[in-house]
Amino acid sequence: MRFLPLPRNAVLFIVMTTLVLLAWVVWATFKYPETLWSPGDLSRFHADIADCNDCHQPFRGAAAEKCIACHTRNSFVTQSKSTLSESHQKMKFEGKSCSDCHTEHSGALAQISSGALINPHGEFVFRATDTHSCSACHDFSARDETHAKLLDSATVRHLLEEGEGAHQLGKMGHCLDCHKGGRLNIKDEGD
Amino acid sequence: MSLLIKRFLTVLVFVIITIAGGLLIEAFLSLKAGWLFGHTQTGHLVGWVGLAVILLVFIYPLKKRYRRKAGWPKGWFWVHQVAGIIGPVLIFIHAGSHFHALVPVLAMLAMVIVTVSGVLASAVHRKALYLLNDKRKELLNQGLPLEVVEDRLHDMASSEEAFRIWQVIHAPMVILFLALVVTHVAGALYFGGV
């Protein structure tokens, strides 16, 4: 098969376009790094982070040293339940990296812990209870293969009392079956 | 509908089905992995393998340009065509339908343009060229003067010329594609780790 030679300007045009594009990439990397490089929006837990290098170390990825710069041992002791603090200490001794269990860039409402990636309640439960993590209501250190143990906390007690009897154990799996679109959508019996 | 238009539409349907297939495989693997397949170790591996397969594509044009007399030209052209489809499919499985970061999105777009123009060249333009040449030979063998032959072949020649546009797109866009791939890989290694 014989073809005519390419127009002389075609290659020159594309080389120029490539150079301009690369120059733009360099400029935009400093100006809009997230638009160019981020594989997804950060979760609500890390939404206030603006600089990629706050979590990423060049050519080493999301390094644990960067995580523990904010998530210090002290912050675990003072802000988390003792079980969570202990389980993280244990993982540290086992030599596990943060990224073995946690992920990011999966969207603002995504879970970032591997055990919590499938949330049967939907994200609505966090808004309804004004909590930010599964461990606000569940004790994962004592869970069997399928269920996390329910805590006897004020949040859990309040949730069970609400809903005019609809919030019962075993019926809390899928909040959105009743709260469609994240709104209370239960009809009163008299309606 | 002419044979060439039928072939053109067939290529488009083939491209859509292939892309959809790649994306569906990625969606299935992501569900299985629990998070984005492209961010798993296997996902990275598929990306590297896809890139290696795509690099095989360049043996044919390099041999054609610099070692014209070296053996197995048809074989390398076959490798060029097969690797030019399998490589991009692997990249689609690696990437999935998660278009967020602009650099890989642009790289993907450039890859699709290069691949589709290559497939159109092979499936449509080559056929158009063969049909035109065969018809020209046939008319000249009938003893018709060259001007009359060219006049009669005007429509066929126009079709051939229209589909020849792949030449202006295919090779030059490779430069853009390679620049974006190198940028994407450099960025992925910088942020994701070596």
# chains A, B, ... in the order shown; residues from 1 in each chain; ligands from 1
>>> interface_residues(of="chain B", to="chain A", cutoff="10 Å", atoms="only C-alpha atoms", output="PyMOL selection string")
chain B and resi 34-36+38-39+98-106+126+129-130+164+167-169+171-180+183-184+186-194
>>> select_by_dssp(residues="range 3-186 of chain A", states="strand (DSSP E or B)", output="PyMOL selection string")
chain A and resi 56-57+61-62+102+113+138-139+149-150
>>> select_by_dssp(residues="range 8-118 of chain B", states="helix (DSSP H, G or I)", output="NGL selection string")
:B and (8-33 or 37-39 or 41-56 or 59-66 or 73-95 or 102-118)
>>> residues_around(residues="Asp152 in chain A", least_positions_apart="6", cutoff="12 Å", atoms="only C-alpha atoms", output="ChimeraX atom specification")
/A:135-139,158-160
>>> write_last_selection(atoms="N, CA, C and O atoms", output="CSV table (one decimal), in the first residue's frame")
chain,number,residue,atom,x,y,z
A,135,SER,N,-17.0,3.9,63.8
A,135,SER,CA,-16.7,3.6,65.2
A,135,SER,C,-17.4,4.5,66.2
A,135,SER,O,-17.3,4.3,67.4
A,136,ALA,N,-18.2,5.5,65.7
A,136,ALA,CA,-19.0,6.3,66.6
A,136,ALA,C,-20.1,5.4,67.2
A,136,ALA,O,-20.6,5.7,68.3
A,137,CYS,N,-20.5,4.4,66.4
A,137,CYS,CA,-21.6,3.5,66.9
A,137,CYS,C,-21.2,2.1,67.0
A,137,CYS,O,-22.0,1.3,67.7
A,138,HIS,N,-20.1,1.7,66.4
A,138,HIS,CA,-19.7,0.3,66.4
A,138,HIS,C,-18.4,0.0,67.0
A,138,HIS,O,-17.5,0.8,66.9
A,139,ASP,N,-18.3,-1.2,67.6
A,139,ASP,CA,-17.0,-1.6,68.2
A,139,ASP,C,-16.4,-2.7,67.2
A,139,ASP,O,-17.0,-3.8,67.2
A,158,HIS,N,-30.0,7.3,71.2
A,158,HIS,CA,-30.9,8.4,70.6
A,158,HIS,C,-31.5,7.8,69.3
A,158,HIS,O,-32.7,8.0,69.0
A,159,LEU,N,-30.6,7.2,68.5
A,159,LEU,CA,-31.1,6.7,67.2
A,159,LEU,C,-32.2,5.6,67.4
A,159,LEU,O,-33.2,5.6,66.6
A,160,LEU,N,-32.0,4.8,68.4
A,160,LEU,CA,-33.0,3.7,68.6
A,160,LEU,C,-34.3,4.3,69.1
A,160,LEU,O,-35.4,3.7,68.8
>>> residues_around(residues="Lys127 in chain B", least_positions_apart="2", cutoff="12 Å", atoms="only C-alpha atoms", output="list in words")
Met1 of chain A; Leu3, Leu4, Ile5, Lys6, Arg7, Phe8, Val119, Leu120, Ala121, Ser122, Ala123, Val124, His125, Leu129, Tyr130, Leu131, Leu132, Asn133, Asp134, Met156, Ser159, Glu160, Phe163 and Arg164 of chain B
>>> write_last_selection(atoms="C-alpha atoms", output="mmCIF file, in the first residue's frame")
data_model
loop_
_atom_site.group_PDB
_atom_site.id
_atom_site.type_symbol
_atom_site.label_atom_id
_atom_site.label_comp_id
_atom_site.auth_asym_id
_atom_site.auth_seq_id
_atom_site.Cartn_x
_atom_site.Cartn_y
_atom_site.Cartn_z
ATOM 1 C CA MET A 1 0.000 0.000 0.000
ATOM 2 C CA LEU B 3 -19.267 -0.602 1.122
ATOM 3 C CA LEU B 4 -16.886 1.978 2.593
ATOM 4 C CA ILE B 5 -19.564 3.663 4.699
ATOM 5 C CA LYS B 6 -20.675 0.228 5.945
ATOM 6 C CA ARG B 7 -17.091 -0.555 6.916
ATOM 7 C CA PHE B 8 -16.713 2.858 8.579
ATOM 8 C CA VAL B 119 -8.111 0.949 12.606
ATOM 9 C CA LEU B 120 -9.875 3.164 10.034
ATOM 10 C CA ALA B 121 -6.725 3.077 7.894
ATOM 11 C CA SER B 122 -6.576 -0.671 8.006
ATOM 12 C CA ALA B 123 -10.274 -1.441 7.634
ATOM 13 C CA VAL B 124 -11.587 1.364 5.428
ATOM 14 C CA HIS B 125 -8.892 3.371 3.638
ATOM 15 C CA LEU B 129 -7.419 2.237 -2.211
ATOM 16 C CA TYR B 130 -7.666 -1.344 -3.458
ATOM 17 C CA LEU B 131 -11.109 -0.748 -4.968
ATOM 18 C CA LEU B 132 -9.901 2.409 -6.735
ATOM 19 C CA ASN B 133 -6.757 0.783 -8.128
ATOM 20 C CA ASP B 134 -8.632 -2.335 -9.293
ATOM 21 C CA MET B 156 -14.290 6.696 -5.829
ATOM 22 C CA SER B 159 -13.971 8.710 -1.091
ATOM 23 C CA GLU B 160 -10.402 7.424 -1.010
ATOM 24 C CA PHE B 163 -10.531 8.465 4.274
ATOM 25 C CA ARG B 164 -6.861 9.347 3.661
#
>>> atom_distance(atom1="CA of Tyr60 in chain B", atom2="CA of Trp76 in chain B")
5.1 Å
>>> closest_residue(among="B:Ala128, B:Phe37, B:Ile165, B:Ile59", to="Trp72 in chain B", atoms="only C-alpha atoms")
B:Ile59
>>> atom_distance(atom1="CA of Arg73 in chain A", atom2="CA of Glu86 in chain A")
10.3 Å
>>> atom_distance(atom1="CA of Ala107 in chain B", atom2="CA of Thr18 in chain B")
17.9 Å
>>> decode(residues="range 93-127 of chain A", atoms="N, CA and C atoms", output="mmCIF file, in the first residue's frame")
data_model
loop_
_atom_site.group_PDB
_atom_site.id
_atom_site.type_symbol
_atom_site.label_atom_id
_atom_site.label_comp_id
_atom_site.auth_asym_id
_atom_site.auth_seq_id
_atom_site.Cartn_x
_atom_site.Cartn_y
_atom_site.Cartn_z
ATOM 1 N N PHE A 93 3.089 -2.052 65.194
ATOM 2 C CA PHE A 93 4.096 -3.043 65.613
ATOM 3 C C PHE A 93 4.216 -4.174 64.590
ATOM 4 N N GLU A 94 3.090 -4.466 63.923
ATOM 5 C CA GLU A 94 3.110 -5.526 62.902
ATOM 6 C C GLU A 94 3.770 -5.045 61.613
ATOM 7 N N GLY A 95 4.139 -3.763 61.591
ATOM 8 C CA GLY A 95 4.837 -3.212 60.430
ATOM 9 C C GLY A 95 3.921 -2.874 59.264
ATOM 10 N N LYS A 96 2.619 -2.735 59.550
ATOM 11 C CA LYS A 96 1.684 -2.419 58.461
ATOM 12 C C LYS A 96 1.728 -0.931 58.129
ATOM 13 N N SER A 97 1.516 -0.636 56.873
ATOM 14 C CA SER A 97 1.483 0.764 56.433
ATOM 15 C C SER A 97 0.037 1.272 56.501
ATOM 16 N N CYS A 98 -0.126 2.585 56.615
ATOM 17 C CA CYS A 98 -1.487 3.163 56.670
ATOM 18 C C CYS A 98 -2.278 2.775 55.421
ATOM 19 N N SER A 99 -1.567 2.763 54.264
ATOM 20 C CA SER A 99 -2.259 2.500 52.993
ATOM 21 C C SER A 99 -2.672 1.034 52.852
ATOM 22 N N ASP A 100 -2.250 0.162 53.795
ATOM 23 C CA ASP A 100 -2.731 -1.221 53.749
ATOM 24 C C ASP A 100 -4.225 -1.292 54.066
ATOM 25 N N CYS A 101 -4.703 -0.336 54.873
ATOM 26 C CA CYS A 101 -6.119 -0.365 55.279
ATOM 27 C C CYS A 101 -6.892 0.866 54.792
ATOM 28 N N HIS A 102 -6.165 1.942 54.462
ATOM 29 C CA HIS A 102 -6.855 3.185 54.116
ATOM 30 C C HIS A 102 -6.587 3.579 52.669
ATOM 31 N N THR A 103 -7.580 4.213 52.086
ATOM 32 C CA THR A 103 -7.436 4.714 50.723
ATOM 33 C C THR A 103 -7.935 6.162 50.692
ATOM 34 N N GLU A 104 -7.726 6.821 49.589
ATOM 35 C CA GLU A 104 -8.218 8.195 49.434
ATOM 36 C C GLU A 104 -8.562 8.464 47.959
ATOM 37 N N HIS A 105 -9.007 9.678 47.707
ATOM 38 C CA HIS A 105 -9.350 10.120 46.348
ATOM 39 C C HIS A 105 -10.488 9.299 45.751
ATOM 40 N N SER A 106 -11.417 8.835 46.600
ATOM 41 C CA SER A 106 -12.559 8.090 46.061
ATOM 42 C C SER A 106 -13.848 8.899 46.150
ATOM 43 N N GLY A 107 -13.725 10.185 46.409
ATOM 44 C CA GLY A 107 -14.915 11.033 46.457
ATOM 45 C C GLY A 107 -15.184 11.564 47.845
ATOM 46 N N ALA A 108 -15.915 12.683 47.901
ATOM 47 C CA ALA A 108 -16.137 13.372 49.164
ATOM 48 C C ALA A 108 -16.888 12.512 50.185
ATOM 49 N N LEU A 109 -17.804 11.666 49.705
ATOM 50 C CA LEU A 109 -18.613 10.878 50.633
ATOM 51 C C LEU A 109 -18.094 9.464 50.831
ATOM 52 N N ALA A 110 -16.970 9.149 50.207
ATOM 53 C CA ALA A 110 -16.462 7.770 50.269
ATOM 54 C C ALA A 110 -15.868 7.461 51.633
ATOM 55 N N GLN A 111 -15.912 6.194 51.990
ATOM 56 C CA GLN A 111 -15.213 5.739 53.181
ATOM 57 C C GLN A 111 -13.744 5.540 52.832
ATOM 58 N N ILE A 112 -12.877 5.706 53.798
ATOM 59 C CA ILE A 112 -11.451 5.591 53.488
ATOM 60 C C ILE A 112 -10.787 4.419 54.209
ATOM 61 N N SER A 113 -11.582 3.668 54.995
ATOM 62 C CA SER A 113 -11.019 2.506 55.688
ATOM 63 C C SER A 113 -11.520 1.252 55.004
ATOM 64 N N SER A 114 -10.618 0.289 54.817
ATOM 65 C CA SER A 114 -10.989 -0.892 54.038
ATOM 66 C C SER A 114 -12.164 -1.636 54.658
ATOM 67 N N GLY A 115 -12.252 -1.698 55.970
ATOM 68 C CA GLY A 115 -13.351 -2.403 56.613
ATOM 69 C C GLY A 115 -14.671 -1.671 56.492
ATOM 70 N N ALA A 116 -14.597 -0.395 56.153
ATOM 71 C CA ALA A 116 -15.821 0.405 56.121
ATOM 72 C C ALA A 116 -16.195 0.821 54.703
ATOM 73 N N LEU A 117 -15.561 0.186 53.719
ATOM 74 C CA LEU A 117 -15.839 0.612 52.345
ATOM 75 C C LEU A 117 -17.273 0.312 51.939
ATOM 76 N N ILE A 118 -17.830 -0.769 52.524
ATOM 77 C CA ILE A 118 -19.239 -1.048 52.235
ATOM 78 C C ILE A 118 -20.032 -0.658 53.474
ATOM 79 N N ASN A 119 -20.729 0.451 53.360
ATOM 80 C CA ASN A 119 -21.501 0.973 54.482
ATOM 81 C C ASN A 119 -22.971 0.663 54.235
ATOM 82 N N PRO A 120 -23.551 -0.307 54.968
ATOM 83 C CA PRO A 120 -24.927 -0.713 54.676
ATOM 84 C C PRO A 120 -25.950 0.390 54.931
ATOM 85 N N HIS A 121 -25.593 1.380 55.755
ATOM 86 C CA HIS A 121 -26.551 2.456 56.070
ATOM 87 C C HIS A 121 -26.597 3.518 54.990
ATOM 88 N N GLY A 122 -25.561 3.592 54.163
ATOM 89 C CA GLY A 122 -25.458 4.721 53.243
ATOM 90 C C GLY A 122 -24.895 5.913 53.991
ATOM 91 N N GLU A 123 -24.497 6.921 53.258
ATOM 92 C CA GLU A 123 -23.863 8.087 53.874
ATOM 93 C C GLU A 123 -24.842 8.909 54.714
ATOM 94 N N PHE A 124 -26.145 8.664 54.514
ATOM 95 C CA PHE A 124 -27.173 9.412 55.227
ATOM 96 C C PHE A 124 -26.998 9.312 56.744
ATOM 97 N N VAL A 125 -26.528 8.128 57.199
ATOM 98 C CA VAL A 125 -26.421 7.897 58.637
ATOM 99 C C VAL A 125 -25.455 8.887 59.302
ATOM 100 N N PHE A 126 -24.426 9.313 58.565
ATOM 101 C CA PHE A 126 -23.468 10.259 59.144
ATOM 102 C C PHE A 126 -24.104 11.642 59.323
ATOM 103 N N ARG A 127 -24.924 12.004 58.315
ATOM 104 C CA ARG A 127 -25.590 13.309 58.422
ATOM 105 C C ARG A 127 -26.644 13.281 59.519
#
